[in-house]
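Heads up: the structure comes next, in structure tokens.
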Amino acid sequence: MMRHPQSSSSSSRRTTIGSSSGSGKKFVLLLSFAVFAIVGSLAYLRALSLVSGGLDFQMQYQEKIASLMSLDNQRTSSFKSKSSLRGEDPSSSSNTVIDGQDQDATSTNEPPPTPPWHIVSDPDDSFERIYIPPADRRKYKHLRDLTKDVNKGKGLKHFFNPMCRHYRFDTNNLPTVSVIMTTQNEPDDWISIGVESILARTPPELLVDVIVVDDNGMPGQHGLPHNIRRNVDENEWDYIKSLSPKVSVIQHSNREGCARSRLTGARAAKGEVLMFVDSHIEMTSSTWYEHLVIPIVENPHTIAMQTIDVIDDLGSRDYGAGAGPLQYGVIMDRFGDYNEPIYPQNYTKEEIDERKKYKYEAERPGNRFPYETPFGPGSLFAIRADEFWRLGGYDEGLYVWGGENTELAFKIWMCGGRMLMVPCSRVGHMYRQHKEKDGRGALTRWPPDLPQEMTDRLGCAYKNGTYTGKYIVLKHPADNFTRITTRNNLRVMETWVGDHPAKRAYYKRMFGQEYLMPEFQRFIDQWKVDPVAQKQVRIKEENKCHDFEWWDKYVMMRLTGRHYPWHIDMKKYATVNCGNHKAKSCDKCPQGNGRSWCHGDCGWCDATDSCVEFDDAKKSTCRKPRVVKKEPPQLKEKQRALMPKGFDSHKMTVSVVLPCGFEHEFFERTAKSVFQETPEGVLKEIVIVDDASDPPLKQLDSPAGLIGAKQAGAEAATGDIIVFFDCHVKPGEDYWVPYVKEIHKNYKRVVIPVITSLNVDTWEEFNRPASGGGMSKCYLTFDAEFKWTTDDTPNVPIMSGGLLAISKKWFFEIGGYDKTMLGWGGENLDQSLRIWTCGGEIVSAPDSYVAHMWRDGTAKTKAKYKLGAGDASKNQARAVKAHIGPWFNKTLTFPKYYQFKNQNLDTSAITDVIEKLGCKNFEWYLDKFNYIYRDAGVLPREVFQIEASNGSTKPQCLRLKTMKWTNYGKPDELELVDCLEDRAADPQYWHLANRGDDKRCCGGLRAWNTDQCIDGRDPKATEDKVPTYGCDLGQGLETSLKPKPGQTDEYFLALGRGKQHGNLCVSVKNSKPIIVGCGDAITWKKRNPFTPIEYDLLSEETKKIW
């Protein structure tokens, strides 16, 4: 991607952390591409999707399945003795009465001699099998046959991937489990249903105990209806304990909440693995535990979560259609993106049909393989006991409900573990009803009323913002409940988010301001002195856990392509519904894709061709006069190019790589143009890299950014030469000939075409320059920018980035693109410096023309992707730090890079290649291009202020009016201000610049640390300002400090070219610079001259040569 030389802002590039991190490799999915039937067998198009970290695990898991039968005895369980697995937690609950079994640990496990699982060809009987003797079967009042008793006789088999039934497990080599069920005022029979299904469908040799923790449930109290908890009393406790001696009941004498109740159960558990479940669940197969524990066996730092099927009718306890959408992990504290209602009025028929496919789709991203997820539910997961205690269990300061699932997710990820959803381990779950209904059985009131003792103890009783210290109900029971969940979430934020800006963003999202009101600040003050909270902080430090920034980048962004849930950019908090998309306002409806993406809360305004509020779209001002509709211009069909007569291609082939992000309007025409202009014997393939376009070009996946997309394309290319083009270009006739010719002479030679302009309406080139002209080369400035230039050499000091040809051999010898760069920016600097200093060369091809669509600010050419904040600057900083050595200290003087002064930028991915190849240093590069850095004054010997001799009481100097220190500027003008006494980052310092008529320095004056020169090319005395322009390095004499006759320190600031130079000069009128005849002009002085750091860093030898 390139910037137009006249553009004032760089094109943004959508990025994220979409490329996979860790040890996982990127996998490339080759898609058949049907858009060009004309290609036939002569060449083919391949669309690539970069697969993110979530699929990395799946592919590894799949490889394990394929190679399973060859595993030897070394594939053993990593489990230690049961006592070490369970770990220790010395804390105990003071209000707990235990009615259960002996708490002593059992004997240790020896390492198993065989793998714990394998796959066979025959399905198992996991839906029919139960682990209770026939004689005891009659005791189980609620155990159902899930093959026929639910879903109108269809059963639940179709909820499972068929392959789930082909696994076989060696239970002798699997760890034991304690199932911990927490409950509080559960509807009738649900505790019994859950316990029965656990006992019946868990291998008895693995099930150590089932611990039910009753969190002070009290029949008839807390304002509950009489039918709630009618049967949950001592009779039910006696019933579930009668089912098996493995069942025990622990009863709290006070209300404690989910997290503290689970801690009670965990302390009593004796199994090697802890399985936490709710009290309104039903295990749906007899292999639920085996499937769930295998990822834990393979990696002990794992939380493995069951896939949830929804029990939606509380009378019949049947399973509803929710089994599909609730299988994509937990994102943003809610289940997957497809768990939303479909409102037909907001969709076309085609969209509804497509949406329904997702509604009933099996698990994403895989059908049966465990996959990573950033969050998980608060229950229905398994974890090794020793791992649970290593992480400190739950924060004991989390009361009632809320925050515990987020805390555990942060813990496992930040402290070296992972969190997985396991599709083959499934559980039926009844969700809390948020209002009472009649006619379908006993329902739970949610959220619950809370006892006065608890709200007083936790400081949640407020009225009109004032803490009363007394129990009150604020409008609704949910108010007190919400205050407690908010309190819990604030504790989690303090411990695991810390001082990251995300904490203030959370406050802003929750409370409308970045600072807490006193009633909520009270909770933070308590956290700071709470021993159990500080215990969690110590555990975090002892485990050397990552910080929140790491979690957001390597977990959230990698797995979801999104920032943390309360980030300002999150679609969850969008304010308008654009049909099946959301945005902050109608004009921001996704990526500007026009009318088809503007519906729901918004409507299309024909008069302005824009998306507006729905009511505004109905107004007469949006009606457009009826016109005759013209068909869009069609591409002119032309015969495919033939090999030029007499040209020897040396049998070299070309792979053209097109990295496309949101290029829906242009990628087909670009690919077709490439195909038409490249002969059959030369074009090996066109590789289209779809970088997460939305909607996808052919397949949607995680964005890797321009750099990652180009690297993926190169890795897939098979031709001798790799040609990188943007996805909005049209190559000219025989564009490829110089590539083959030059690279055949020297495989280390990179070739750059002349870049012209493309009319995207007619798809025709315009404004082609004369032969030998045009844009193909740039030069490097010390603020890691690149500027267009021309000269009479073939050499290209710095490539613009998007359009080039390189041999595949040389591309991979120099290490390809730096994979640690994100999105867009800096890759051209790294590649150019790497090529030149490591033994290669970059040349322009004056007879190779490629027409390019420039981002000119119009809606038609506007980029539709987003660039991660700070990614481009960081890429640029890393590139120059790795290559320019001590001159990086010069880069750090620019305000843009102040942020990196105290950062340890890791450049090892680049410097390792430089060291391996024995590349030359940056001073060699500066001298190689001395006609730029020496002769054109880009690296000045002397810098000075230009002071006016105008009789002012205070010294006044020239400066740029609007520009600051940057080489990515736009035309400006001069102004006269008080002279600075220091060298602040202000464009008040100048130096000689641009090659003069003799091709040596200098013919102009340039503002130091900018790209602006005083414009002396065509001065006019009638102008009331003195303009500046982007220095072109080689225009000849145009601006000079011309000595006043008889004076050594007085100068005229002379303008003009050739014989006209010195007729007009810069003067001052009413404290403003103007252009006048030199006879009427004031004189100027050099003030505070000094040698800049960039010249000081040159060796004495180079200084002598220069």
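Here, A, B, ... name the chains of the structure tokens in the order displayed, residue numbers run from 1 inside each chain, and ligands are numbered from 1 in the same displayed order.
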Might you pull out every residue within 8 Å of Ala805 of chain A, with only C-alpha atoms counted and same-chain residues fewer than 3 positions away left off, and present them as a PyMOL selection string?
chain A and resi 721-724+739+750-752
Can you spit out the residues from that selection as a PDB file, in the first residue's frame, using N, CA and C atoms?
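Output file again.pdb follows:
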ATOM      1  N   ILE A 721       9.673 -15.803  -9.625  1.00  0.00           N
ATOM      2  CA  ILE A 721       9.630 -14.391  -9.240  1.00  0.00           C
ATOM      3  C   ILE A 721       8.300 -14.126  -8.542  1.00  0.00           C
ATOM      4  N   ILE A 722       8.367 -13.417  -7.413  1.00  0.00           N
ATOM      5  CA  ILE A 722       7.156 -13.003  -6.708  1.00  0.00           C
ATOM      6  C   ILE A 722       6.921 -11.538  -7.016  1.00  0.00           C
ATOM      7  N   VAL A 723       5.761 -11.227  -7.566  1.00  0.00           N
ATOM      8  CA  VAL A 723       5.377  -9.851  -7.842  1.00  0.00           C
ATOM      9  C   VAL A 723       4.300  -9.454  -6.838  1.00  0.00           C
ATOM     10  N   PHE A 724       4.589  -8.439  -6.034  1.00  0.00           N
ATOM     11  CA  PHE A 724       3.607  -7.927  -5.084  1.00  0.00           C
ATOM     12  C   PHE A 724       2.922  -6.715  -5.700  1.00  0.00           C
ATOM     13  N   TYR A 739      11.073  -7.224 -15.224  1.00  0.00           N
ATOM     14  CA  TYR A 739      11.250  -8.046 -14.028  1.00  0.00           C
ATOM     15  C   TYR A 739      12.079  -9.285 -14.360  1.00  0.00           C
ATOM     16  N   VAL A 750      15.974  -6.416  -7.004  1.00  0.00           N
ATOM     17  CA  VAL A 750      14.540  -6.167  -6.862  1.00  0.00           C
ATOM     18  C   VAL A 750      14.161  -5.072  -7.848  1.00  0.00           C
ATOM     19  N   VAL A 751      13.029  -5.234  -8.531  1.00  0.00           N
ATOM     20  CA  VAL A 751      12.641  -4.324  -9.595  1.00  0.00           C
ATOM     21  C   VAL A 751      11.337  -3.608  -9.225  1.00  0.00           C
ATOM     22  N   ILE A 752      11.335  -2.279  -9.427  1.00  0.00           N
ATOM     23  CA  ILE A 752      10.183  -1.438  -9.087  1.00  0.00           C
ATOM     24  C   ILE A 752       9.615  -0.830 -10.360  1.00  0.00           C
TER      25      ILE A 752
END
Which is closer to Lys684 of chain A than all the others in A:Glu668, A:Thr653, A:Arg1000, A:Glu256, using only C-alpha atoms?
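Smallest distance to Lys684 of chain A is found for A:Thr653.
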What is the atom CA of Thr1010 of chain A-atom CA of Trp965 of chain A distance in Å, reported with one decimal?
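Separation of atom CA of Thr1010 of chain A and atom CA of Trp965 of chain A: 5.5 Å.
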Point-to-point distance from atom CA of Lys741 of chain A to atom CA of Asp648 of chain A, Å rounded to tenths
8.6 Å
Figure out the distance between atom CA of Pro886 of chain A and atom CA of Ile914 of chain A, please, to one decimal in Å.
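Between these atoms lies a distance of 15.8 Å.
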For Gly417 of chain A, please output as a ChimeraX atom specification all residues within 10 Å (counting only C-alpha atoms; exclusion window: fewer than 2 positions along the same chain).
/A:299-303,387,409-415,419
Considering only C-alpha atoms, can you say which of A:Asp214, A:Asp982, A:Glu372, A:Glu915 comes closest to Ser248 of chain A?
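Closest candidate: A:Asp214.
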